[in-house]
>>> print(open('target_37.txt').read())   # compact mmCIF, C-alpha atoms
# COMPACT_ATOMS: atom_id res chain seq x y z
CA MET K 1 227.98 57.58 96.09
CA PRO K 2 230.78 59.65 94.53
CA ARG K 3 230.58 63.39 94.88
CA ARG K 4 230.00 65.42 91.73
CA PRO K 5 230.91 69.04 91.04
CA PHE K 6 227.75 71.11 90.74
CA PRO K 7 227.12 74.71 89.72
CA SER K 8 226.04 77.35 92.19
CA PRO K 9 222.39 78.49 92.31
CA GLY K 10 221.29 79.98 89.01
CA GLN K 11 224.38 78.83 87.13
CA THR K 12 223.89 76.42 84.25
CA ALA K 13 226.53 73.91 83.20
CA THR K 14 225.38 72.93 79.75
CA THR K 15 227.75 70.96 77.58
CA ALA K 16 228.23 71.83 73.90
CA PRO K 17 230.81 71.32 71.14
CA VAL K 18 233.97 73.36 71.81
CA HIS K 19 235.89 75.11 69.01
CA ALA K 20 239.42 73.72 68.92
CA SER K 21 241.13 77.03 68.15
CA THR K 22 239.25 79.40 70.47
CA GLY K 23 237.91 77.10 73.18
CA ALA K 24 234.52 78.80 72.83
CA GLN K 25 231.28 76.88 73.09
CA SER K 26 228.63 76.86 70.42
CA VAL K 27 226.08 79.71 70.47
CA GLN K 28 223.47 76.97 70.74
CA SER K 29 224.20 76.59 74.49
CA SER K 30 224.29 80.27 75.45
CA ALA K 31 223.27 81.15 79.00
CA ARG K 32 219.68 81.97 79.84
CA ALA K 33 218.79 85.63 79.88
CA THR K 34 217.02 85.38 83.22
CA VAL K 35 217.44 83.10 86.19
CA PRO K 36 214.36 80.87 86.78
CA CYS K 37 212.73 81.68 90.12
CA THR K 38 210.05 79.04 90.74
CA ALA K 39 210.73 75.36 91.29
CA ALA K 40 208.87 74.41 88.11
CA GLN K 41 210.79 76.97 86.06
CA ARG K 42 214.08 75.57 87.34
CA LEU K 43 213.03 72.07 86.29
CA ILE K 44 211.76 73.29 82.91
CA SER K 45 215.08 75.02 82.32
CA VAL K 46 217.27 72.01 83.08
CA ILE K 47 215.03 69.77 80.95
CA HIS K 48 215.35 72.20 78.03
CA ASP K 49 219.12 72.51 78.45
CA GLY K 50 219.47 68.75 78.69
CA GLN K 51 217.54 68.27 75.45
CA ILE K 52 219.78 70.58 73.44
CA ALA K 53 223.08 69.61 75.09
CA GLN K 54 225.81 68.05 72.97
CA PRO K 55 228.26 65.28 73.87
CA ARG K 56 231.52 66.22 75.59
CA ASN K 57 233.56 64.10 73.18
CA THR K 58 233.26 66.47 70.18
CA LEU K 59 235.30 69.42 68.95
CA VAL K 60 234.26 71.75 66.14
CA ARG K 61 237.04 73.04 63.89
CA ASP K 62 236.93 76.53 62.38
CA ASP K 63 236.01 74.99 59.04
CA GLY K 64 232.98 73.29 60.64
CA GLU K 65 234.47 69.78 60.76
CA VAL K 66 233.48 67.86 63.90
CA LEU K 67 236.30 65.91 65.56
CA ALA K 68 235.93 63.11 68.10
CA VAL K 69 237.76 63.43 71.43
CA PRO K 70 239.07 60.05 72.65
CA PHE K 71 238.22 58.99 76.21
CA ALA K 72 235.77 61.90 76.72
CA SER K 73 232.18 61.23 77.69
CA ALA K 74 229.73 60.69 74.84
CA MET K 75 226.85 61.68 77.13
CA ALA K 76 225.23 65.08 76.70
CA GLY K 77 223.60 66.81 79.62
CA ALA K 78 223.03 69.88 81.77
CA ALA K 79 223.24 70.57 85.49
CA ASP K 80 221.57 73.10 87.77
CA VAL K 81 220.30 73.39 91.32
CA LEU K 82 216.75 73.50 92.71
CA PRO K 83 216.77 75.76 95.81
CA LEU K 84 214.51 74.78 98.70
CA GLY K 85 213.47 78.44 98.77
CA ALA K 86 211.98 78.22 95.27
CA GLU K 87 208.22 78.69 95.14
CA ILE K 88 205.79 75.99 94.07
CA THR K 89 203.09 77.72 92.10
CA ALA K 90 199.78 76.61 90.66
CA LEU K 91 199.59 75.77 86.96
CA LEU K 92 197.02 77.67 84.91
CA GLU K 93 195.11 76.65 81.84
CA GLU K 94 194.98 79.14 78.97
CA ASP K 95 191.53 80.21 80.16
CA GLY K 96 192.90 80.95 83.64
CA GLN K 97 191.49 77.85 85.34
CA ILE K 98 193.78 76.22 87.90
CA TYR K 99 194.06 72.51 87.18
CA LEU K 100 197.09 71.74 89.34
CA ASP K 101 197.38 73.26 92.79
CA PRO K 102 199.83 72.02 95.44
CA PRO K 103 198.10 70.13 98.27
CA TYR K 104 197.76 71.93 101.62
CA GLN K 105 197.99 75.31 99.85
CA ASP K 106 195.33 77.90 100.60
CA ALA K 107 193.96 79.91 97.72
CA GLY K 108 196.35 82.69 96.77
CA ALA K 109 199.02 81.54 99.25
CA GLN K 110 202.64 80.98 98.30
CA ILE K 111 204.55 77.89 99.37
CA THR K 112 208.21 77.03 98.90
CA LEU K 113 209.74 73.69 98.04
CA GLY K 114 211.25 73.53 101.53
CA ALA K 115 207.91 74.19 103.22
CA ALA K 116 206.23 71.49 101.14
CA MET K 117 209.08 69.12 102.03
CA SER K 118 208.58 69.82 105.75
CA THR K 119 204.85 69.19 105.48
CA SER K 120 205.54 65.72 104.11
CA SER K 121 207.99 64.69 106.87
CA ARG K 122 206.70 62.65 109.80
CA VAL K 123 209.68 63.45 112.05
CA ILE K 124 209.41 67.19 111.44
CA ALA K 125 205.68 67.05 112.12
CA ALA K 126 206.51 65.26 115.38
CA GLY K 127 208.86 68.08 116.41
CA ALA K 128 212.28 67.46 114.83
CA ARG K 129 214.21 70.58 113.83
CA LEU K 130 214.92 71.23 110.14
CA ILE K 131 218.22 73.03 109.53
CA THR K 132 218.66 74.41 106.02
CA GLY K 133 218.85 77.64 104.04
CA GLU K 134 220.81 80.47 105.65
CA GLU K 135 221.56 78.29 108.66
CA VAL K 136 223.64 76.02 106.40
CA GLU K 137 225.32 78.53 104.09
CA THR K 138 225.82 82.26 103.91
CA THR K 139 227.20 84.81 101.46
CA VAL K 140 230.51 86.53 102.15
CA ARG K 141 232.52 88.98 100.09
CA VAL K 142 236.03 88.11 99.02
CA GLY K 143 237.84 90.84 97.09
CA GLY K 144 234.53 92.60 96.61
CA GLU K 145 232.94 89.52 94.99
CA PRO K 146 230.13 87.56 96.70
CA MET K 147 230.91 83.93 97.49
CA LYS K 148 229.00 81.15 99.22
CA ALA K 149 230.43 80.04 102.56
CA ARG K 150 229.39 77.07 104.66
CA ARG K 151 228.48 77.56 108.28
CA LYS K 152 229.68 75.32 111.09
CA ILE K 153 226.61 73.61 112.51
CA ARG K 154 226.27 72.27 116.05
CA PHE K 155 222.96 71.03 117.42
CA SER K 156 222.66 71.05 121.22
CA THR K 157 219.97 69.88 123.63
CA PHE K 158 219.62 70.99 127.24
CA GLU K 159 218.15 69.07 130.15
CA PRO K 160 217.28 70.25 133.69
CA ALA K 161 220.22 70.50 136.09
CA PRO K 162 219.83 68.00 138.99
CA PHE K 163 219.74 70.07 142.17
CA GLY K 164 220.06 68.04 145.37
CA VAL K 165 219.72 68.71 149.08
CA VAL K 166 222.85 69.71 151.00
CA ASP K 167 222.44 69.92 154.81
CA PHE K 168 225.45 71.69 156.30
CA ASP K 169 223.77 71.73 159.73
CA ALA K 170 223.76 67.95 159.82
CA ASP K 171 227.17 67.61 158.17
CA PRO K 172 229.43 70.69 158.13
CA GLU K 173 231.82 68.78 155.82
CA ALA K 174 229.14 67.93 153.29
CA GLU K 175 230.13 68.30 149.66
CA VAL K 176 227.95 69.06 146.68
CA PRO K 177 228.04 66.00 144.41
CA LEU K 178 229.33 66.55 140.90
CA SER K 179 226.99 65.89 137.98
CA PRO K 180 227.62 65.71 134.25
CA VAL K 181 226.96 68.96 132.41
CA PRO K 182 223.32 68.53 131.27
CA VAL K 183 224.07 69.53 127.69
CA ALA K 184 224.44 67.14 124.76
CA ASP K 185 225.56 68.27 121.34
CA THR K 186 226.71 66.96 118.00
CA GLU K 187 228.21 68.63 114.94
CA LEU K 188 227.42 68.28 111.28
CA ASP K 189 230.00 66.19 109.44
CA ARG K 190 229.65 67.30 105.82
CA ASP K 191 231.77 64.40 104.59
CA ALA K 192 229.33 61.97 106.22
CA MET K 193 226.14 63.49 104.78
CA THR K 194 223.87 60.98 103.11
CA SER K 195 223.19 61.53 99.40
CA ARG K 196 219.72 60.45 98.34
CA ALA K 197 218.64 60.49 94.73
CA PHE K 198 215.55 60.17 92.55
CA ALA K 199 215.71 59.61 88.79
CA PHE K 200 213.08 59.61 86.07
CA ARG K 201 212.95 59.52 82.29
CA LEU K 202 210.89 61.53 79.85
CA SER K 203 210.47 60.40 76.29
CA ARG K 204 209.93 62.74 73.37
CA ARG K 205 206.32 61.52 73.35
CA ASP K 206 205.90 62.48 77.03
CA LEU K 207 207.28 65.95 76.39
CA LYS K 208 205.09 66.52 73.32
CA ALA K 209 201.92 65.17 74.93
CA LYS K 210 201.95 67.54 77.92
CA GLY K 211 204.77 69.95 77.31
CA ARG K 212 207.72 70.77 79.54
CA GLU K 213 205.74 73.29 81.60
CA ALA K 214 202.97 70.87 82.59
CA LEU K 215 205.35 67.98 83.25
CA ALA K 216 207.62 70.13 85.42
CA ALA K 217 204.71 71.45 87.47
CA GLU K 218 203.40 67.93 88.00
CA ILE K 219 206.81 66.55 88.99
CA VAL K 220 207.76 69.27 91.48
CA TRP K 221 205.18 68.35 94.13
CA PRO K 222 206.06 64.61 94.19
CA VAL K 223 209.72 65.66 94.48
CA ALA K 224 208.84 67.82 97.49
CA GLN K 225 206.93 64.96 99.13
CA GLY K 226 209.76 62.57 98.37
CA LEU K 227 212.25 64.91 100.03
CA GLY K 228 210.11 64.83 103.18
CA ARG K 229 210.21 61.04 103.17
CA ALA K 230 213.96 61.11 102.52
CA ILE K 231 214.35 63.18 105.70
CA ASP K 232 212.38 60.57 107.63
CA ALA K 233 214.40 57.69 106.21
CA THR K 234 217.65 59.46 107.16
CA VAL K 235 216.54 59.79 110.78
CA PHE K 236 215.15 56.25 110.92
CA ASP K 237 218.40 54.79 109.59
CA VAL K 238 220.31 56.43 112.45
CA LEU K 239 217.80 55.20 115.04
CA LYS K 240 217.89 51.64 113.73
CA ALA K 241 221.70 51.60 113.85
CA LEU K 242 221.72 52.45 117.58
CA PRO K 243 221.77 49.76 120.30
CA ALA K 244 218.19 48.72 121.05
CA ASN K 245 216.60 50.98 123.67
CA VAL K 246 213.26 49.31 124.37
CA TRP K 247 210.40 51.57 125.38
CA THR K 248 209.04 51.64 128.92
CA LEU K 249 207.25 54.40 130.77
CA GLY K 250 209.82 54.10 133.52
CA LYS K 251 212.70 54.96 131.17
CA ALA K 252 210.91 58.09 130.02
CA ALA K 253 210.16 59.07 133.62
CA ALA K 254 213.80 58.53 134.63
CA LEU K 255 214.88 61.08 132.01
CA GLY K 256 212.38 63.63 133.27
CA VAL K 257 210.48 63.59 129.99
CA PRO K 258 206.93 65.03 130.07
CA PHE K 259 204.53 62.39 128.80
CA GLY K 260 202.99 64.94 126.44
CA ALA K 261 206.35 65.45 124.71
CA VAL K 262 206.52 61.82 123.54
CA ARG K 263 205.25 60.97 120.05
CA GLY K 264 205.20 57.69 118.17
CA ILE K 265 205.95 56.85 114.55
CA VAL K 266 204.61 53.48 113.44
CA GLY K 267 206.27 51.52 110.65
CA THR K 268 204.87 48.93 108.29
CA SER K 269 204.85 46.15 110.92
CA GLY K 270 202.32 48.12 112.97
CA THR K 271 204.02 47.07 116.22
CA GLY K 272 202.26 48.47 119.29
CA ALA K 273 199.81 50.60 117.34
CA GLN K 274 196.20 51.03 118.38
CA ALA K 275 193.51 52.93 116.50
CA VAL K 276 191.00 54.56 118.85
CA GLU K 277 188.12 56.67 117.54
CA GLY K 278 189.96 57.79 114.44
CA ALA K 279 193.29 58.48 116.14
CA LEU K 280 196.45 56.38 116.30
CA TYR K 281 198.26 55.65 119.57
CA VAL K 282 201.23 53.66 120.84
CA ASP K 283 201.05 52.92 124.57
CA GLY K 284 198.74 55.90 124.98
CA THR K 285 200.94 58.37 123.07
CA PRO K 286 199.77 59.98 119.81
CA ALA K 287 201.37 58.40 116.75
CA GLU K 288 201.56 58.60 112.96
CA LEU K 289 202.19 56.04 110.22
CA THR K 290 205.22 55.81 107.94
CA ALA K 291 206.16 53.60 105.02
CA ASP K 292 209.88 54.24 105.45
CA MET K 293 210.63 51.65 108.14
CA ALA K 294 209.13 48.50 109.61
CA GLU K 295 209.82 49.37 113.25
CA THR K 296 207.87 51.52 115.68
CA PHE K 297 209.72 54.26 117.59
CA LEU K 298 208.63 56.52 120.41
CA GLY K 299 210.69 59.61 121.02
CA VAL K 300 211.01 63.20 122.09
CA TRP K 301 211.47 64.37 118.52
CA ASN K 302 212.42 67.95 119.30
CA ARG K 303 215.70 66.44 120.53
CA ALA K 304 216.52 65.56 116.90
CA ALA K 305 217.50 67.71 113.94
CA VAL K 306 218.02 67.12 110.25
CA VAL K 307 220.42 69.18 108.14
CA VAL K 308 219.44 69.40 104.47
CA ASP K 309 221.59 71.04 101.81
CA PRO K 310 219.51 74.02 100.65
CA ASN K 311 220.15 73.23 96.99
CA ILE K 312 218.83 70.07 95.37
CA LYS K 313 221.17 69.12 92.53
CA LEU K 314 219.66 68.40 89.11
CA ILE K 315 221.34 66.60 86.23
CA ALA K 316 219.49 66.16 82.92
CA THR K 317 221.09 63.77 80.42
CA ARG K 318 219.99 63.48 76.80
CA LEU K 319 219.50 59.80 75.98
CA ASP K 320 219.11 59.85 72.19
CA ALA K 321 218.74 62.01 69.12
CA SER K 322 214.97 62.35 69.62
CA GLY K 323 215.44 64.44 72.77
CA ALA K 324 214.44 61.87 75.39
CA ILE K 325 216.10 62.71 78.71
CA GLU K 326 216.86 61.30 82.12
CA VAL K 327 216.71 63.65 85.11
CA VAL K 328 218.41 62.84 88.42
CA CYS K 329 217.76 64.81 91.63
CA PHE K 330 220.37 64.62 94.41
CA ALA K 331 219.73 65.72 98.01
CA ASP K 332 222.38 65.71 100.76
CA MET K 333 221.23 65.44 104.38
CA GLN K 334 222.30 64.28 107.82
CA ALA K 335 220.42 63.49 111.04
CA LEU K 336 221.73 64.92 114.33
CA LEU K 337 220.76 63.12 117.56
CA PRO K 338 222.84 64.41 120.48
CA ASN K 339 220.95 62.32 123.06
CA PRO K 340 219.85 58.96 121.62
CA ALA K 341 218.45 57.93 125.02
CA MET K 342 215.42 60.09 124.19
CA PHE K 343 214.29 57.58 121.55
CA TRP K 344 212.90 54.11 122.15
CA ILE K 345 211.97 51.16 119.97
CA VAL K 346 208.67 49.41 120.68
CA ASP K 347 208.83 45.60 120.76
>>> encode(input="target_37.txt", output="structure tokens")
Amino acid sequence: MPRRPFPSPGQTATTAPVHASTGAQSVQSSARATVPCTAAQRLISVIHDGQIAQPRNTLVRDDGEVLAVPFASAMAGAADVLPLGAEITALLEEDGQIYLDPPYQDAGAQITLGAAMSTSSRVIAAGARLITGEEVETTVRVGGEPMKARRKIRFSTFEPAPFGVVDFDADPEAEVPLSPVPVADTELDRDAMTSRAFAFRLSRRDLKAKGREALAAEIVWPVAQGLGRAIDATVFDVLKALPANVWTLGKAAALGVPFGAVRGIVGTSGTGAQAVEGALYVDGTPAELTADMAETFLGVWNRAAVVVDPNIKLIATRLDASGAIEVVCFADMQALLPNPAMFWIVD
């Protein structure tokens, strides 16, 4: 998928007719007075900006005449970002009654988009490390101005060092055998990050029936859940691409893995799964279901990490004169598995 230039958090890139003589954009697309803070407000804002955006292939002369620009895009749209740190809030009726409240949220508690995403991920629930937010990017000052800078990310796992017996009384010339350094690591390759996307359309009728506020609040939670599943799919794709490492208890024992550290994730084929008194197991290890693969994997999931770009990219494109729009959400992520031997497929 080709990379697209996106604005930084809080910046809006709304297209509008440009005056040929001054290069200024129409007042119609002026910047918002305040930066939206909640996830729903971000989505509402980009939907609104997408509805009023104008095609890129028009110029407005000083006398008001509109000129066509050859070879420029006739699509009109807006772009923004949806930070994983944005809050998901309940939606209130006019009488104060809550009719939409994010699942798993206690009364009065605040939950971010990233936290909701993590809750929906099977691999994170099993112990995988989520790397995002300030771990991925930081703010530095260049010439007194703040700028976003990307951090170098390396994920390392450590295993016990193999100490052996050395008897110098029996053999004064005995040597200590050399062992590999028991550390495995891998680095994030930003050029190899997987881009996953979700797109939906809203007609003018949809927007009038519920309003932008209600639609945005309803869409945000499914987006959060979908991001959790996207994380899972990213990890599963890496595991499935590895040479088959078939599960046996002996292989886990040979790696020194505590049995209690092993967890299973069961795909749509149900291979090896057993339901016992309301709990799911694979070869005696606790397991969970997923719809994002057919296979069943057992693994020590805290030996895996997933890097997720802390800003979900949003592009809203106006489809017609009525104000119908298409919204696309882009998320960049990459799975890091320094020691693939810690994961096994069940046959």
>>> residues_around(input="target_37.txt", residues="Asp320 (chain K)", least_positions_apart="2", cutoff="10 Å", atoms="only C-alpha atoms", output="PyMOL selection string")
chain K and resi 51+75-76+203-204+317-318+322-325
>>> closest_residue(input="target_37.txt", among="K:Val235, K:Ala252, K:Leu188, K:Val307", to="Met293 (chain K)", atoms="only C-alpha atoms")
K:Val235
>>> residues_around(input="target_37.txt", residues="Val346 (chain K)", least_positions_apart="6", cutoff="12 Å", atoms="only C-alpha atoms", output="PDB file with C-alpha atoms, in the coordinates of the input")
ATOM      1  CA  LYS K 240     217.890  51.640 113.730  1.00  0.00           C
ATOM      2  CA  ALA K 244     218.190  48.720 121.050  1.00  0.00           C
ATOM      3  CA  ASN K 245     216.600  50.980 123.670  1.00  0.00           C
ATOM      4  CA  VAL K 246     213.260  49.310 124.370  1.00  0.00           C
ATOM      5  CA  TRP K 247     210.400  51.570 125.380  1.00  0.00           C
ATOM      6  CA  THR K 248     209.040  51.640 128.920  1.00  0.00           C
ATOM      7  CA  LEU K 249     207.250  54.400 130.770  1.00  0.00           C
ATOM      8  CA  GLY K 264     205.200  57.690 118.170  1.00  0.00           C
ATOM      9  CA  ILE K 265     205.950  56.850 114.550  1.00  0.00           C
ATOM     10  CA  VAL K 266     204.610  53.480 113.440  1.00  0.00           C
ATOM     11  CA  GLY K 267     206.270  51.520 110.650  1.00  0.00           C
ATOM     12  CA  SER K 269     204.850  46.150 110.920  1.00  0.00           C
ATOM     13  CA  GLY K 270     202.320  48.120 112.970  1.00  0.00           C
ATOM     14  CA  THR K 271     204.020  47.070 116.220  1.00  0.00           C
ATOM     15  CA  GLY K 272     202.260  48.470 119.290  1.00  0.00           C
ATOM     16  CA  ALA K 273     199.810  50.600 117.340  1.00  0.00           C
ATOM     17  CA  VAL K 282     201.230  53.660 120.840  1.00  0.00           C
ATOM     18  CA  ASP K 283     201.050  52.920 124.570  1.00  0.00           C
ATOM     19  CA  ALA K 294     209.130  48.500 109.610  1.00  0.00           C
ATOM     20  CA  GLU K 295     209.820  49.370 113.250  1.00  0.00           C
ATOM     21  CA  THR K 296     207.870  51.520 115.680  1.00  0.00           C
ATOM     22  CA  PHE K 297     209.720  54.260 117.590  1.00  0.00           C
ATOM     23  CA  LEU K 298     208.630  56.520 120.410  1.00  0.00           C
ATOM     24  CA  GLY K 299     210.690  59.610 121.020  1.00  0.00           C
TER      25      GLY K 299
END
>>> closest_residue(input="target_37.txt", among="K:Val327, K:Val300, K:Ala86, K:Ala199", to="Gly226 (chain K)", atoms="only C-alpha atoms")
K:Ala199
>>> atom_distance(input="target_37.txt", atom1="CA of Ile312 (chain K)", atom2="CA of Leu82 (chain K)")
4.8 Å
>>> axis_aligned_box(input="target_37.txt", around="region 247-262 of chain K", padding_each_side="5 Å", output="lines of an AutoDock Vina configuration file")
center_x = 208.9
center_y = 58.5
center_z = 129.1
size_x = 21.9
size_y = 23.9
size_z = 21.1
>>> closest_residue(input="target_37.txt", among="K:Val223, K:Ile44, K:Ala126, K:Val306", to="Leu289 (chain K)", atoms="all atoms listed in the file")
K:Ala126
>>> atom_distance(input="target_37.txt", atom1="CA of Ala192 (chain K)", atom2="CA of Asn311 (chain K)")
17.2 Å
>>> residues_near_point(input="target_37.txt", point="(221.1, 62.6, 114.2)", cutoff="8 Å", atoms="only C-alpha atoms", output="list in words")
Val235, Val238, Ala304, Ala305, Val306, Gln334, Ala335, Leu336, Leu337 and Pro338 of chain K
>>> atom_distance(input="target_37.txt", atom1="CA of Ala40 (chain K)", atom2="CA of Ala217 (chain K)")
5.1 Å
>>> closest_residue(input="target_37.txt", among="K:Leu215, K:Leu113, K:Ile231, K:Val165", to="Ala125 (chain K)", atoms="all atoms listed in the file")
K:Ile231
